[in-house]
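Raw target_0.cif, mmCIF, C-alpha atoms:
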data_my_file
#
loop_
_atom_site.label_atom_id
_atom_site.label_comp_id
_atom_site.auth_asym_id
_atom_site.auth_seq_id
_atom_site.Cartn_x
_atom_site.Cartn_y
_atom_site.Cartn_z
CA MET A 1 -87.77 -89.58 -131.21
CA ARG A 2 -86.26 -92.75 -129.74
CA ARG A 3 -85.02 -90.82 -126.73
CA GLY A 4 -88.49 -89.46 -126.09
CA LYS A 5 -90.06 -92.95 -126.10
CA LEU A 6 -87.25 -94.30 -123.94
CA LEU A 7 -87.65 -91.44 -121.48
CA ALA A 8 -91.43 -91.92 -121.36
CA GLY A 9 -90.94 -95.65 -120.75
CA CYS A 10 -88.47 -95.01 -117.94
CA ILE A 11 -90.80 -92.51 -116.29
CA ALA A 12 -93.74 -94.94 -116.52
CA ALA A 13 -91.64 -97.76 -115.03
CA CYS A 14 -90.47 -95.53 -112.16
CA MET A 15 -94.03 -94.49 -111.42
CA CYS A 16 -95.17 -98.12 -111.31
CA LEU A 17 -92.31 -99.05 -109.02
CA ALA A 18 -93.01 -96.11 -106.74
CA ALA A 19 -96.67 -97.10 -106.49
CA THR A 20 -95.84 -100.67 -105.50
CA ALA A 21 -93.03 -99.65 -103.15
CA GLN A 22 -95.59 -98.66 -100.52
CA ASP A 23 -96.63 -102.26 -99.94
CA GLY A 24 -94.22 -104.96 -99.00
CA THR A 25 -92.19 -106.83 -96.49
CA TYR A 26 -89.19 -105.20 -94.90
CA TYR A 27 -86.64 -106.45 -92.44
CA LYS A 28 -85.25 -104.81 -89.32
CA TRP A 29 -82.09 -106.02 -87.59
CA THR A 30 -79.34 -104.79 -85.30
CA ASP A 31 -75.70 -105.37 -86.18
CA ALA A 32 -72.85 -106.19 -83.78
CA SER A 33 -72.14 -102.49 -83.12
CA GLY A 34 -75.77 -101.82 -82.13
CA THR A 35 -76.82 -100.01 -85.32
CA VAL A 36 -80.41 -100.71 -86.38
CA HIS A 37 -80.90 -101.43 -90.11
CA PHE A 38 -83.97 -101.65 -92.35
CA SER A 39 -83.98 -103.26 -95.80
CA ALA A 40 -86.22 -104.89 -98.38
CA SER A 41 -84.20 -108.12 -98.29
CA PRO A 42 -83.28 -110.21 -95.25
CA PRO A 43 -79.73 -109.75 -94.01
CA PRO A 44 -77.33 -112.64 -94.62
CA GLY A 45 -76.23 -114.22 -91.36
CA HIS A 46 -78.39 -112.04 -89.07
CA LYS A 47 -81.69 -112.69 -87.34
CA ALA A 48 -84.19 -110.08 -88.55
CA GLU A 49 -87.64 -108.94 -87.53
CA THR A 50 -90.14 -109.03 -90.41
CA LEU A 51 -92.17 -105.85 -90.94
CA THR A 52 -95.14 -105.82 -93.29
CA LEU A 53 -96.31 -102.48 -94.61
CA GLU A 54 -99.61 -102.04 -96.36
CA GLY A 55 -99.98 -99.05 -98.67
CA GLN A 56 -103.08 -96.94 -98.80
CA GLY A 57 -103.56 -97.33 -102.55
CA SER A 58 -105.93 -94.64 -103.75
CA GLU A 59 -107.38 -94.10 -100.28
CA GLN A 60 -106.30 -91.11 -98.30
CA ALA A 61 -105.75 -91.08 -94.58
CA ALA A 62 -108.42 -89.35 -92.58
CA PRO A 63 -107.29 -85.93 -91.41
CA ALA A 64 -106.24 -85.68 -87.80
CA PRO A 65 -108.90 -84.22 -85.54
CA PRO A 66 -108.27 -80.60 -84.64
CA ALA A 67 -106.40 -80.09 -81.40
CA SER A 68 -108.66 -78.95 -78.64
CA VAL A 69 -107.92 -75.49 -77.39
CA ALA A 70 -107.78 -75.48 -73.63
CA GLU A 71 -108.82 -72.42 -71.72
CA PRO A 72 -105.89 -70.80 -69.92
CA THR A 73 -105.82 -71.41 -66.21
CA PRO A 74 -105.73 -68.53 -63.74
CA GLN A 75 -102.14 -69.48 -62.85
CA LEU A 76 -101.11 -69.26 -66.52
CA GLU A 77 -102.82 -65.89 -66.94
CA GLU A 78 -101.11 -64.62 -63.78
CA ALA A 79 -97.69 -65.81 -65.00
CA GLN A 80 -98.24 -64.24 -68.42
CA ALA A 81 -99.24 -60.94 -66.83
CA ALA A 82 -96.14 -60.97 -64.61
CA TYR A 83 -93.94 -61.70 -67.65
CA ARG A 84 -95.53 -58.85 -69.64
CA LYS A 85 -95.01 -56.44 -66.73
CA GLN A 86 -91.35 -57.46 -66.34
CA ALA A 87 -90.74 -57.19 -70.09
CA CYS A 88 -92.51 -53.81 -70.19
CA ASP A 89 -90.42 -52.44 -67.32
CA ALA A 90 -87.21 -53.68 -68.94
CA ALA A 91 -88.12 -52.14 -72.32
CA ARG A 92 -88.94 -48.77 -70.73
CA ASN A 93 -85.66 -48.84 -68.81
CA ASP A 94 -83.74 -49.70 -72.01
CA LEU A 95 -85.39 -46.82 -73.87
CA ALA A 96 -84.47 -44.39 -71.08
CA VAL A 97 -80.83 -45.50 -71.29
CA LEU A 98 -80.81 -45.21 -75.09
CA GLU A 99 -82.32 -41.72 -75.00
CA LYS A 100 -79.66 -40.47 -72.56
CA ASN A 101 -76.84 -41.55 -74.93
CA ARG A 102 -75.22 -43.58 -72.18
CA MET A 103 -72.62 -46.25 -72.81
CA VAL A 104 -74.32 -49.51 -73.77
CA VAL A 105 -72.99 -52.87 -72.61
CA SER A 106 -73.12 -55.50 -75.33
CA GLY A 107 -72.92 -59.15 -74.34
CA ASN A 108 -72.59 -60.34 -70.77
CA SER A 109 -69.34 -58.63 -69.90
CA PRO A 110 -68.79 -55.00 -68.82
CA ASP A 111 -65.45 -55.24 -70.63
CA ALA A 112 -67.41 -55.31 -73.87
CA ALA A 113 -68.96 -51.86 -73.29
CA THR A 114 -69.37 -49.95 -76.53
CA LYS A 115 -70.87 -46.63 -77.47
CA LEU A 116 -73.41 -46.96 -80.23
CA ASP A 117 -73.14 -44.74 -83.28
CA ALA A 118 -76.22 -42.67 -84.23
CA GLU A 119 -77.63 -45.26 -86.65
CA GLN A 120 -77.18 -48.16 -84.20
CA ARG A 121 -78.81 -46.11 -81.43
CA ASN A 122 -81.79 -45.21 -83.65
CA GLN A 123 -82.27 -48.86 -84.62
CA ALA A 124 -82.08 -49.91 -80.95
CA LYS A 125 -84.66 -47.24 -80.04
CA LEU A 126 -87.03 -48.51 -82.75
CA ARG A 127 -86.70 -52.09 -81.51
CA THR A 128 -87.22 -50.98 -77.91
CA ARG A 129 -90.31 -48.94 -78.80
CA HIS A 130 -91.68 -52.02 -80.54
CA ARG A 131 -91.10 -54.03 -77.34
CA ILE A 132 -92.93 -51.34 -75.35
CA THR A 133 -95.87 -51.53 -77.76
CA GLN A 134 -95.83 -55.32 -77.50
CA PHE A 135 -95.56 -55.70 -73.73
CA CYS A 136 -96.94 -52.48 -72.26
CA GLU A 137 -100.43 -52.75 -73.65
CA THR A 138 -103.00 -50.81 -71.67
CA GLU A 139 -106.04 -52.27 -73.41
CA THR A 140 -108.59 -54.27 -71.51
CA LYS A 141 -109.66 -57.52 -73.08
CA PRO A 142 -113.43 -57.97 -73.58
#

structure tokens encoding of this file:
Amino acid sequence: MRRGKLLAGCIAACMCLAATAQDGTYYKWTDASGTVHFSASPPPGHKAETLTLEGQGSEQAAPAPPASVAEPTPQLEEAQAAYRKQACDAARNDLAVLEKNRMVVSGNSPDAATKLDAEQRNQAKLRTRHRITQFCETETKP
């Protein structure tokens, strides 16, 4: 029973301290090695800048206004279309290589050429087909 009251008292004290910790005066200073410090008490033997913080109490900050959505420029749309075409062509080429069971180069070095086993090849085909679906869309946007 005593522990319960003690624990409840400690929790209440911590909550009160946390509520008042928002407001206050803090100090900012730079030591000899150039490190910037912040503390609630002024540093002994150093010149410090005084910072005063005011808590919001029970008030809440106003939400940030929504970011405006800019219309894409013709240059951006052109660059995106070129990227999709390049990615589509690369994915179709990769699928053709995978379907012919050719040697696949992993990494950036031809010395690292490896032949995929059946499971690895099937997984690579699935990923490549997904890329084709993603980049080779033939739909027209309304």

Give as a compact mmCIF listing (two decimals) with C-alpha atoms, in the coordinates of the input the residues that the PyMOL selection byres ((chain A and resi 92) around 9) matches when applied to the coordinates above.
# COMPACT_ATOMS: atom_id res chain seq x y z
CA ALA A 87 -90.74 -57.19 -70.09
CA CYS A 88 -92.51 -53.81 -70.19
CA ASP A 89 -90.42 -52.44 -67.32
CA ALA A 90 -87.21 -53.68 -68.94
CA ALA A 91 -88.12 -52.14 -72.32
CA ASN A 93 -85.66 -48.84 -68.81
CA ASP A 94 -83.74 -49.70 -72.01
CA LEU A 95 -85.39 -46.82 -73.87
CA ALA A 96 -84.47 -44.39 -71.08
CA VAL A 97 -80.83 -45.50 -71.29
CA THR A 128 -87.22 -50.98 -77.91
CA ARG A 129 -90.31 -48.94 -78.80
CA ARG A 131 -91.10 -54.03 -77.34
CA ILE A 132 -92.93 -51.34 -75.35
CA CYS A 136 -96.94 -52.48 -72.26

(request) Would you work out the distance separating CA of Arg127 in chain A from CA of Arg84 in chain A, expressed in Å to one decimal? (result) 16.3 Å

(message) One number please: CA of Gln134 in chain A to CA of Pro66 in chain A, in Å, one decimal.
(response)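 About the pair CA of Gln134 in chain A and CA of Pro66 in chain A: they are 29.1 Å apart.
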
(message) I want to know what sits within 6 Å of range 37-51 of chain A, based on all atoms listed in the file, with residues of the same chain fewer than 4 positions away left out; could you give that as a list in words?
(response)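 Result of the neighbour search: Thr25, Tyr26, Tyr27, Lys28 and Trp29 of chain A.
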
(request) Considering all atoms listed in the file, return as a PyMOL selection string whatever protein or nucleic-acid residues lie within 12 Å of Asp117 in chain A, sequence-local ones (same chain, fewer than 5 positions apart) excluded. (result) chain A and resi 98+101-104+122-124

As JSON, please: the centre and edge lengths in Å, to one decimal, of an axis-aligned box enclosing every listed atom of range 49-52 of chain A with 8 Å added on each side.
{"center_x": -91.4, "center_y": -107.4, "center_z": -90.4, "size_x": 23.5, "size_y": 19.2, "size_z": 21.8}

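Take CA of Thr133 in chain A and CA of Glu119 in chain A: the distance between them is 21.2 Å.
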